[in-house]
Amino acid sequence: MAVFLLVLAGNALAAPRLERERCTFKPPRGDRVECFVLIVPENRELPVGREIRLKVAVLKAKRTTSPEPLVYLSGGPGDAPLVASSAGADALAEGDWWNETANIRKRRDVIIMSQRGAGGATPNLDCFDPRSSEPAKARRRAVTEKQERDILVSCRASIERRKIDLTMYTTPALADDVADLVAAFSLAKVNLYGVSYGTRWALEVMRRHPRLVRAAVLDGVYPPQVNGEQNEPEIVRRTFDRLYADCAADPVCRERHPKVRATVEGAIEAAERASLLLTLQLEDGAQTTRLDGAKLLMVLLHMMREGEAALIPETTAAIARGDLRLLRMFAEDLESNDGGLLEQNAQQFDGLYNSIECRETWSAIDRAARRKQIEANGLYGLNARLSKSSAFCQLWRVPAAPMAERQPVNSEIPTLLLSGGYDWLTPPAWGSDAAKTLSSSRHVVFRSQGHGVVVQDPCASRLRDGFIDDPNPKRALPCRADTPPNFTAAYERVRNLP
């Protein structure tokens with residue numbers, strides 16, 4: 001009897017539970033938000049052990065007529081949608097969540113949950129101050145390569161001292177957190193909306209807990225059977241080839257940039273020989289940096305990712321004339337949002353990112369083949385050269401994911417897959433690959449957009465919202481996704497620059 005009671009007590013402790021907490025978010029007039037902490041076991045096979053606390057926000061519907069809420073699964077891994085960039089700021093306002101979900105919330109709630117191990121969760125595996133405050137930015141920029149290694153080693157040792165089990169910070173564990181969320185809210189089914197890594201997270205939920213999912217929208221598809229790092233240089237080159245072909249097919253671009261490939265490649269090669277000096281106007285003041293070829297490529301790839309590929313011919317042509325206004329504008333945007341231009345070296349201090357990517361991606365990479373890819377693709381491999389994940393993973397020490405996790409997800413769940421034609425992070429081919437084993441799916445490619453098309457193209461937003469209301473993959477599209485890049489509008493923007 002004593003053993004039986006102990007088992008019952010252990011099961012009770014292992015069951016997920018919700019605690020209501022005071023909301024720090026400030027919704028617009030007429031909107032409501034409820035805040036919770038979802039408490040789940042770190043290791044579900046150990047009923048009595050460490051608990052993980054995950055922040056959850058429920059953006060309430062104006063009029064709840066649909067019982068199945070939409071659950072947003074963030075990217076990264078390691079993104080923290082419920083944590084503001086600086087103390088005192090409002091994360092929901094920063095992410096424009098109220099406007100972005102307004103149509104969906106006419107009829108159903110939207111639930112935003114934290115990732116275990118990331119910002120908004122306890123424990124948090126971050127190795128460095130994740131906020132983008134002025135002091136944090138200054139500290140990050142001052143980190144040398146040796147200090148970077150020391151920080152990671154110290155962080156990994158701290159995780160061991162705290163007895164945190166890194167083998168429990170994986171995509172399958174995150175998928176089980178979604179199932180626990182559904183159980184804790186006493187829901188029968190939910191709709192999933194994943195972006196970037198959040199699509200892999202969603203696919204794992206669909207694999208492990210198919211009965212809980214009514215429909216799914218995957219934006220920037222990252223299926224488990226693809227390796228995001230193995231062929232990066234080739235993907236980057238092919239994306240630029242698409243730009244050169246689109247420019248040649250457009251009368252305005254063809255006339256203004258008859259040798260667009262030579263112009264783009266020439267700008268990168270010239271910066272590799274003699275770096276470009278830029279003064280960036282950032283929130284924490286003016287900062288001077290030098291862009292070599294690799295960092296110039298980073299800015300151009302950022303433009304593609306943000307759906308601004310049409311401006312790349314104008315930007316590189318302007319660089320050749322000594323006009324750096326366009327380059328400076330996008331460099332400021334990249335540095336303000338993601339960083340990478342002012343640091344002394346490429347940095348990756350997000351513990352959850354390291355745990356998942358080292359386990360699921362870098363453990364399976366053919367390093368010799370990747371090196372050949374970098375060499376074979378010339379300047380299009382400069383960005384891949386910056387990655388230090390191979391060395392970081394040796395310090396982080398997590399076991400490789402089993403082959404079973406790298407298999408395609410087979411599912412009959414209605415699924416809408418969205419891709420951007422200029423998305424080099426999660427290229428359209430990956431969406432097509434994922435769709436092969438999703439029998440009730442539709443894959444739509446937005447020809448001129450980048451990474452995360454719902455926030456870049458109103459048509460993509462309409463598709464998502466309509467599919468959640470009526471998850472029929474055969475329904476006619478309400479708008480066009482095949483619009484080519486607008487090089488004429490790009491030229492007009494350049495003409496009107498101050």
# chains A, B, ... in the order shown; residues from 1 in each chain; ligands from 1

$ residues_around --residues "Thr426 (chain A)" --least-positions-apart "5" --cutoff "12 Å" --atoms "only C-alpha atoms" --output "PDB file with N, CA, C and O atoms, in the first residue's frame"
ATOM      1  N   GLY A  75      10.392  30.295 -33.108  1.00  0.00           N
ATOM      2  CA  GLY A  75      11.558  29.773 -33.812  1.00  0.00           C
ATOM      3  C   GLY A  75      12.810  29.730 -32.973  1.00  0.00           C
ATOM      4  O   GLY A  75      12.788  29.705 -31.757  1.00  0.00           O
ATOM      5  N   VAL A 195       6.701  28.919 -36.918  1.00  0.00           N
ATOM      6  CA  VAL A 195       7.533  29.706 -37.823  1.00  0.00           C
ATOM      7  C   VAL A 195       8.980  29.260 -37.657  1.00  0.00           C
ATOM      8  O   VAL A 195       9.478  29.151 -36.531  1.00  0.00           O
ATOM      9  N   SER A 196       9.664  28.988 -38.769  1.00  0.00           N
ATOM     10  CA  SER A 196      11.073  28.612 -38.769  1.00  0.00           C
ATOM     11  C   SER A 196      11.275  27.340 -37.934  1.00  0.00           C
ATOM     12  O   SER A 196      10.649  26.322 -38.218  1.00  0.00           O
ATOM     13  N   TYR A 197      12.140  27.375 -36.896  1.00  0.00           N
ATOM     14  CA  TYR A 197      12.289  26.178 -36.066  1.00  0.00           C
ATOM     15  C   TYR A 197      10.948  25.756 -35.474  1.00  0.00           C
ATOM     16  O   TYR A 197      10.712  24.563 -35.244  1.00  0.00           O
ATOM     17  N   GLY A 198      10.047  26.707 -35.264  1.00  0.00           N
ATOM     18  CA  GLY A 198       8.723  26.365 -34.745  1.00  0.00           C
ATOM     19  C   GLY A 198       7.967  25.408 -35.643  1.00  0.00           C
ATOM     20  O   GLY A 198       7.062  24.695 -35.187  1.00  0.00           O
ATOM     21  N   THR A 199       8.334  25.329 -36.952  1.00  0.00           N
ATOM     22  CA  THR A 199       7.690  24.355 -37.832  1.00  0.00           C
ATOM     23  C   THR A 199       8.177  22.944 -37.514  1.00  0.00           C
ATOM     24  O   THR A 199       7.409  21.985 -37.591  1.00  0.00           O
ATOM     25  N   ARG A 200       9.461  22.814 -37.195  1.00  0.00           N
ATOM     26  CA  ARG A 200       9.969  21.489 -36.774  1.00  0.00           C
ATOM     27  C   ARG A 200       9.320  21.081 -35.455  1.00  0.00           C
ATOM     28  O   ARG A 200       8.963  19.908 -35.265  1.00  0.00           O
ATOM     29  N   LEU A 218       2.536  25.970 -41.242  1.00  0.00           N
ATOM     30  CA  LEU A 218       3.988  25.944 -41.091  1.00  0.00           C
ATOM     31  C   LEU A 218       4.591  26.994 -42.015  1.00  0.00           C
ATOM     32  O   LEU A 218       4.494  26.872 -43.240  1.00  0.00           O
ATOM     33  N   ASP A 219       5.231  27.993 -41.446  1.00  0.00           N
ATOM     34  CA  ASP A 219       5.755  29.138 -42.200  1.00  0.00           C
ATOM     35  C   ASP A 219       7.279  29.139 -42.103  1.00  0.00           C
ATOM     36  O   ASP A 219       7.845  29.399 -41.043  1.00  0.00           O
ATOM     37  N   GLY A 220       7.947  28.857 -43.248  1.00  0.00           N
ATOM     38  CA  GLY A 220       9.402  28.705 -43.230  1.00  0.00           C
ATOM     39  C   GLY A 220       9.735  27.305 -42.748  1.00  0.00           C
ATOM     40  O   GLY A 220      10.223  27.121 -41.641  1.00  0.00           O
ATOM     41  N   VAL A 221       9.495  26.299 -43.596  1.00  0.00           N
ATOM     42  CA  VAL A 221       9.416  24.906 -43.153  1.00  0.00           C
ATOM     43  C   VAL A 221      10.805  24.305 -42.948  1.00  0.00           C
ATOM     44  O   VAL A 221      11.652  24.334 -43.844  1.00  0.00           O
ATOM     45  N   TYR A 222      10.993  23.720 -41.750  1.00  0.00           N
ATOM     46  CA  TYR A 222      12.279  23.123 -41.342  1.00  0.00           C
ATOM     47  C   TYR A 222      12.006  21.700 -40.862  1.00  0.00           C
ATOM     48  O   TYR A 222      11.960  21.435 -39.667  1.00  0.00           O
ATOM     49  N   PRO A 223      11.806  20.764 -41.803  1.00  0.00           N
ATOM     50  CA  PRO A 223      11.417  19.412 -41.412  1.00  0.00           C
ATOM     51  C   PRO A 223      12.591  18.632 -40.820  1.00  0.00           C
ATOM     52  O   PRO A 223      13.760  18.967 -41.071  1.00  0.00           O
ATOM     53  N   PRO A 224      12.314  17.590 -40.044  1.00  0.00           N
ATOM     54  CA  PRO A 224      13.387  16.884 -39.338  1.00  0.00           C
ATOM     55  C   PRO A 224      14.327  16.116 -40.255  1.00  0.00           C
ATOM     56  O   PRO A 224      15.460  15.822 -39.865  1.00  0.00           O
ATOM     57  N   VAL A 226      15.767  17.160 -42.962  1.00  0.00           N
ATOM     58  CA  VAL A 226      16.785  17.988 -43.615  1.00  0.00           C
ATOM     59  C   VAL A 226      17.776  18.494 -42.574  1.00  0.00           C
ATOM     60  O   VAL A 226      17.434  18.669 -41.406  1.00  0.00           O
ATOM     61  N   ASN A 227      19.000  18.721 -43.021  1.00  0.00           N
ATOM     62  CA  ASN A 227      20.036  19.270 -42.156  1.00  0.00           C
ATOM     63  C   ASN A 227      20.298  20.699 -42.588  1.00  0.00           C
ATOM     64  O   ASN A 227      20.732  20.950 -43.723  1.00  0.00           O
ATOM     65  N   GLY A 228      20.023  21.632 -41.697  1.00  0.00           N
ATOM     66  CA  GLY A 228      20.083  23.038 -42.048  1.00  0.00           C
ATOM     67  C   GLY A 228      21.459  23.587 -42.354  1.00  0.00           C
ATOM     68  O   GLY A 228      21.580  24.676 -42.909  1.00  0.00           O
ATOM     69  N   GLU A 229      22.501  22.857 -42.007  1.00  0.00           N
ATOM     70  CA  GLU A 229      23.858  23.374 -42.177  1.00  0.00           C
ATOM     71  C   GLU A 229      24.646  22.663 -43.270  1.00  0.00           C
ATOM     72  O   GLU A 229      25.634  23.199 -43.757  1.00  0.00           O
ATOM     73  N   ASN A 231      24.278  21.900 -46.482  1.00  0.00           N
ATOM     74  CA  ASN A 231      24.408  22.436 -47.847  1.00  0.00           C
ATOM     75  C   ASN A 231      24.183  23.944 -47.909  1.00  0.00           C
ATOM     76  O   ASN A 231      23.776  24.460 -48.952  1.00  0.00           O
ATOM     77  N   GLU A 232      24.454  24.661 -46.827  1.00  0.00           N
ATOM     78  CA  GLU A 232      24.170  26.095 -46.800  1.00  0.00           C
ATOM     79  C   GLU A 232      24.812  26.874 -47.944  1.00  0.00           C
ATOM     80  O   GLU A 232      24.138  27.697 -48.590  1.00  0.00           O
ATOM     81  N   ILE A 235      22.816  26.438 -51.082  1.00  0.00           N
ATOM     82  CA  ILE A 235      21.504  27.080 -50.974  1.00  0.00           C
ATOM     83  C   ILE A 235      21.636  28.586 -51.188  1.00  0.00           C
ATOM     84  O   ILE A 235      20.831  29.204 -51.899  1.00  0.00           O
ATOM     85  N   VAL A 236      22.653  29.188 -50.578  1.00  0.00           N
ATOM     86  CA  VAL A 236      22.875  30.631 -50.733  1.00  0.00           C
ATOM     87  C   VAL A 236      23.146  30.965 -52.200  1.00  0.00           C
ATOM     88  O   VAL A 236      22.574  31.919 -52.756  1.00  0.00           O
ATOM     89  N   THR A 239      20.012  30.802 -54.273  1.00  0.00           N
ATOM     90  CA  THR A 239      19.098  31.909 -54.007  1.00  0.00           C
ATOM     91  C   THR A 239      19.551  33.164 -54.742  1.00  0.00           C
ATOM     92  O   THR A 239      18.724  33.910 -55.291  1.00  0.00           O
ATOM     93  N   MET A 304      17.422  39.607 -48.216  1.00  0.00           N
ATOM     94  CA  MET A 304      16.627  38.513 -48.769  1.00  0.00           C
ATOM     95  C   MET A 304      15.663  37.961 -47.732  1.00  0.00           C
ATOM     96  O   MET A 304      14.482  37.741 -48.011  1.00  0.00           O
ATOM     97  N   ARG A 305      16.158  37.730 -46.544  1.00  0.00           N
ATOM     98  CA  ARG A 305      15.339  37.148 -45.476  1.00  0.00           C
ATOM     99  C   ARG A 305      14.139  38.033 -45.159  1.00  0.00           C
ATOM    100  O   ARG A 305      13.054  37.543 -44.861  1.00  0.00           O
ATOM    101  N   LEU A 417       1.576  24.692 -45.751  1.00  0.00           N
ATOM    102  CA  LEU A 417       3.004  24.992 -45.706  1.00  0.00           C
ATOM    103  C   LEU A 417       3.264  26.244 -46.529  1.00  0.00           C
ATOM    104  O   LEU A 417       2.804  26.345 -47.678  1.00  0.00           O
ATOM    105  N   LEU A 418       4.006  27.193 -45.958  1.00  0.00           N
ATOM    106  CA  LEU A 418       4.292  28.465 -46.611  1.00  0.00           C
ATOM    107  C   LEU A 418       5.804  28.656 -46.726  1.00  0.00           C
ATOM    108  O   LEU A 418       6.540  28.411 -45.766  1.00  0.00           O
ATOM    109  N   SER A 419       6.249  29.097 -47.882  1.00  0.00           N
ATOM    110  CA  SER A 419       7.678  29.344 -48.096  1.00  0.00           C
ATOM    111  C   SER A 419       7.865  30.651 -48.850  1.00  0.00           C
ATOM    112  O   SER A 419       6.975  31.104 -49.574  1.00  0.00           O
ATOM    113  N   GLY A 420       9.047  31.242 -48.681  1.00  0.00           N
ATOM    114  CA  GLY A 420       9.437  32.424 -49.446  1.00  0.00           C
ATOM    115  C   GLY A 420      10.449  32.037 -50.503  1.00  0.00           C
ATOM    116  O   GLY A 420      11.381  31.275 -50.241  1.00  0.00           O
ATOM    117  N   GLY A 421      10.266  32.556 -51.712  1.00  0.00           N
ATOM    118  CA  GLY A 421      11.177  32.226 -52.796  1.00  0.00           C
ATOM    119  C   GLY A 421      12.613  32.634 -52.526  1.00  0.00           C
ATOM    120  O   GLY A 421      13.544  32.028 -53.064  1.00  0.00           O
ATOM    121  N   GLY A 431      10.051  22.810 -47.848  1.00  0.00           N
ATOM    122  CA  GLY A 431       8.604  22.728 -47.725  1.00  0.00           C
ATOM    123  C   GLY A 431       8.035  21.649 -48.630  1.00  0.00           C
ATOM    124  O   GLY A 431       7.148  20.879 -48.232  1.00  0.00           O
ATOM    125  N   SER A 432       8.561  21.570 -49.861  1.00  0.00           N
ATOM    126  CA  SER A 432       8.106  20.533 -50.785  1.00  0.00           C
ATOM    127  C   SER A 432       8.444  19.151 -50.253  1.00  0.00           C
ATOM    128  O   SER A 432       7.647  18.206 -50.377  1.00  0.00           O
ATOM    129  N   ASP A 433       9.622  19.013 -49.653  1.00  0.00           N
ATOM    130  CA  ASP A 433      10.042  17.729 -49.091  1.00  0.00           C
ATOM    131  C   ASP A 433       9.120  17.311 -47.944  1.00  0.00           C
ATOM    132  O   ASP A 433       8.699  16.156 -47.858  1.00  0.00           O
ATOM    133  N   ALA A 434       8.792  18.252 -47.070  1.00  0.00           N
ATOM    134  CA  ALA A 434       7.911  17.941 -45.946  1.00  0.00           C
ATOM    135  C   ALA A 434       6.515  17.552 -46.430  1.00  0.00           C
ATOM    136  O   ALA A 434       5.881  16.648 -45.873  1.00  0.00           O
ATOM    137  N   VAL A 445       4.308  28.809 -52.285  1.00  0.00           N
ATOM    138  CA  VAL A 445       5.570  29.554 -52.302  1.00  0.00           C
ATOM    139  C   VAL A 445       5.297  30.989 -52.723  1.00  0.00           C
ATOM    140  O   VAL A 445       4.734  31.238 -53.806  1.00  0.00           O
ATOM    141  N   GLY A 450      10.740  36.424 -48.277  1.00  0.00           N
ATOM    142  CA  GLY A 450      11.869  35.796 -47.613  1.00  0.00           C
ATOM    143  C   GLY A 450      11.452  34.806 -46.544  1.00  0.00           C
ATOM    144  O   GLY A 450      10.642  33.910 -46.787  1.00  0.00           O
ATOM    145  N   HIS A 451      11.971  34.992 -45.338  1.00  0.00           N
ATOM    146  CA  HIS A 451      11.789  34.035 -44.245  1.00  0.00           C
ATOM    147  C   HIS A 451      10.671  34.514 -43.328  1.00  0.00           C
ATOM    148  O   HIS A 451      10.759  35.580 -42.730  1.00  0.00           O
ATOM    149  N   GLY A 452       9.605  33.715 -43.227  1.00  0.00           N
ATOM    150  CA  GLY A 452       8.459  34.110 -42.421  1.00  0.00           C
ATOM    151  C   GLY A 452       7.522  34.983 -43.234  1.00  0.00           C
ATOM    152  O   GLY A 452       7.414  36.192 -43.013  1.00  0.00           O
ATOM    153  N   VAL A 453       6.806  34.375 -44.178  1.00  0.00           N
ATOM    154  CA  VAL A 453       6.067  35.169 -45.171  1.00  0.00           C
ATOM    155  C   VAL A 453       4.788  35.788 -44.616  1.00  0.00           C
ATOM    156  O   VAL A 453       4.292  36.771 -45.172  1.00  0.00           O
TER     157      VAL A 453
END

$ closest_residue --among "A:Leu82, A:Arg273, A:Ala309, A:Glu405" --to "Tyr244 (chain A)" --atoms "only C-alpha atoms"
A:Ala309

$ atom_distance --atom1 "CA of Ile468 (chain A)" --atom2 "CA of Leu92 (chain A)"
21.5 Å

$ closest_atom_pairs --of "region 4-68 of chain A" --to "region 105-125 of chain A" --cutoff "8 Å" --atoms "only C-alpha atoms" --output "JSON lines"
{"residue": "A:Ile52", "atom": "CA", "partner": "A:Thr122", "partner_atom": "CA", "distance": 5.7}
{"residue": "A:Arg53", "atom": "CA", "partner": "A:Thr122", "partner_atom": "CA", "distance": 5.1}
{"residue": "A:Leu54", "atom": "CA", "partner": "A:Ala121", "partner_atom": "CA", "distance": 4.6}
{"residue": "A:Lys55", "atom": "CA", "partner": "A:Gly120", "partner_atom": "CA", "distance": 5.4}
{"residue": "A:Val56", "atom": "CA", "partner": "A:Met113", "partner_atom": "CA", "distance": 4.5}
{"residue": "A:Ala57", "atom": "CA", "partner": "A:Ile112", "partner_atom": "CA", "distance": 5.3}
{"residue": "A:Val58", "atom": "CA", "partner": "A:Ile111", "partner_atom": "CA", "distance": 4.5}
{"residue": "A:Leu59", "atom": "CA", "partner": "A:Val110", "partner_atom": "CA", "distance": 5.1}
{"residue": "A:Lys60", "atom": "CA", "partner": "A:Asp109", "partner_atom": "CA", "distance": 4.8}
{"residue": "A:Ala61", "atom": "CA", "partner": "A:Arg105", "partner_atom": "CA", "distance": 4.3}
{"residue": "A:Lys62", "atom": "CA", "partner": "A:Lys106", "partner_atom": "CA", "distance": 5.1}
{"residue": "A:Arg63", "atom": "CA", "partner": "A:Arg107", "partner_atom": "CA", "distance": 5.4}
{"residue": "A:Thr64", "atom": "CA", "partner": "A:Arg107", "partner_atom": "CA", "distance": 4.9}
{"residue": "A:Thr65", "atom": "CA", "partner": "A:Arg107", "partner_atom": "CA", "distance": 5.3}
{"residue": "A:Ser66", "atom": "CA", "partner": "A:Arg108", "partner_atom": "CA", "distance": 5.3}
{"residue": "A:Pro67", "atom": "CA", "partner": "A:Arg108", "partner_atom": "CA", "distance": 6.9}
{"residue": "A:Glu68", "atom": "CA", "partner": "A:Arg108", "partner_atom": "CA", "distance": 6.9}

$ atom_distance --atom1 "CA of Thr24 (chain A)" --atom2 "CA of Val71 (chain A)"
20.2 Å

$ closest_residue --among "A:Ala274, A:Leu379, A:Leu282, A:Cys358" --to "Asn337 (chain A)" --atoms "only C-alpha atoms"
A:Leu282

$ select_by_dssp --residues "region 68-110 of chain A" --states "alpha helix (DSSP H)" --output "number ranges by chain"
A: 91-94, 97-100

$ select_by_dssp --residues "region 258-498 of chain A" --states "strand (DSSP E)" --output "ChimeraX atom specification"
/A:276-282,285-291,415-420,441-446

$ closest_residue --among "A:Ala202, A:Glu269, A:His443, A:Ala401" --to "Tyr380 (chain A)" --atoms "only C-alpha atoms"
A:Glu269

$ closest_atom_pairs --of "region 216-240 of chain A" --to "region 245-261 of chain A" --cutoff "12 Å" --atoms "only C-alpha atoms" --output "CSV"
residue,atom,partner,partner_atom,distance
A:Arg237,CA,A:Arg261,CA,11.1
A:Arg238,CA,A:Ala245,CA,10.4
A:Thr239,CA,A:Ala245,CA,10.0
A:Phe240,CA,A:Arg261,CA,8.5

$ write_last_selection --atoms "all heavy atoms" --output "tab-separated table (two decimals), in the first residue's frame"
chain	number	residue	atom	x	y	z
A	237	ARG	N	24.00	30.19	-52.84
A	237	ARG	CA	24.31	30.46	-54.25
A	237	ARG	C	23.06	30.35	-55.12
A	237	ARG	O	22.80	31.20	-55.99
A	237	ARG	CB	25.38	29.48	-54.76
A	237	ARG	CG	25.72	29.67	-56.24
A	237	ARG	CD	26.75	28.67	-56.73
A	237	ARG	NE	26.33	27.29	-56.51
A	237	ARG	CZ	25.44	26.64	-57.24
A	237	ARG	NH1	24.83	27.27	-58.26
A	237	ARG	NH2	25.12	25.40	-56.99
A	238	ARG	N	22.26	29.31	-54.91
A	238	ARG	CA	21.05	29.13	-55.72
A	238	ARG	C	20.06	30.27	-55.50
A	238	ARG	O	19.35	30.67	-56.43
A	238	ARG	CB	20.40	27.79	-55.37
A	238	ARG	CG	21.15	26.59	-55.91
A	238	ARG	CD	20.44	25.30	-55.54
A	238	ARG	NE	21.11	24.14	-56.11
A	238	ARG	CZ	20.74	22.89	-55.90
A	238	ARG	NH1	19.70	22.64	-55.11
A	238	ARG	NH2	21.39	21.88	-56.46
A	239	THR	N	20.01	30.80	-54.27
A	239	THR	CA	19.10	31.91	-54.01
A	239	THR	C	19.55	33.16	-54.74
A	239	THR	O	18.72	33.91	-55.29
A	239	THR	CB	18.99	32.17	-52.50
A	239	THR	OG1	18.73	30.94	-51.81
A	239	THR	CG2	17.85	33.13	-52.19
A	240	PHE	N	20.86	33.39	-54.78
A	240	PHE	CA	21.36	34.53	-55.57
A	240	PHE	C	21.15	34.29	-57.07
A	240	PHE	O	20.84	35.23	-57.81
A	240	PHE	CB	22.84	34.78	-55.27
A	240	PHE	CG	23.06	35.69	-54.10
A	240	PHE	CD1	23.25	35.18	-52.82
A	240	PHE	CD2	23.07	37.06	-54.26
A	240	PHE	CE1	23.45	36.02	-51.74
A	240	PHE	CE2	23.25	37.92	-53.19
A	240	PHE	CZ	23.45	37.39	-51.91

$ closest_residue --among "A:Arg17, A:Arg242, A:Arg156, A:Lys474" --to "Val40 (chain A)" --atoms "only C-alpha atoms"
A:Arg17

$ residues_around --residues "region 476-487 of chain A" --least-positions-apart "5" --cutoff "6 Å" --atoms "only C-alpha atoms" --output "PyMOL selection string"
chain A and resi 253+310+446-448+459

$ residues_around --residues "Leu291 (chain A)" --least-positions-apart "6" --cutoff "7 Å" --atoms "only C-alpha atoms" --output "list in words"
Ala271, Ser275, Leu276 and Leu277 of chain A
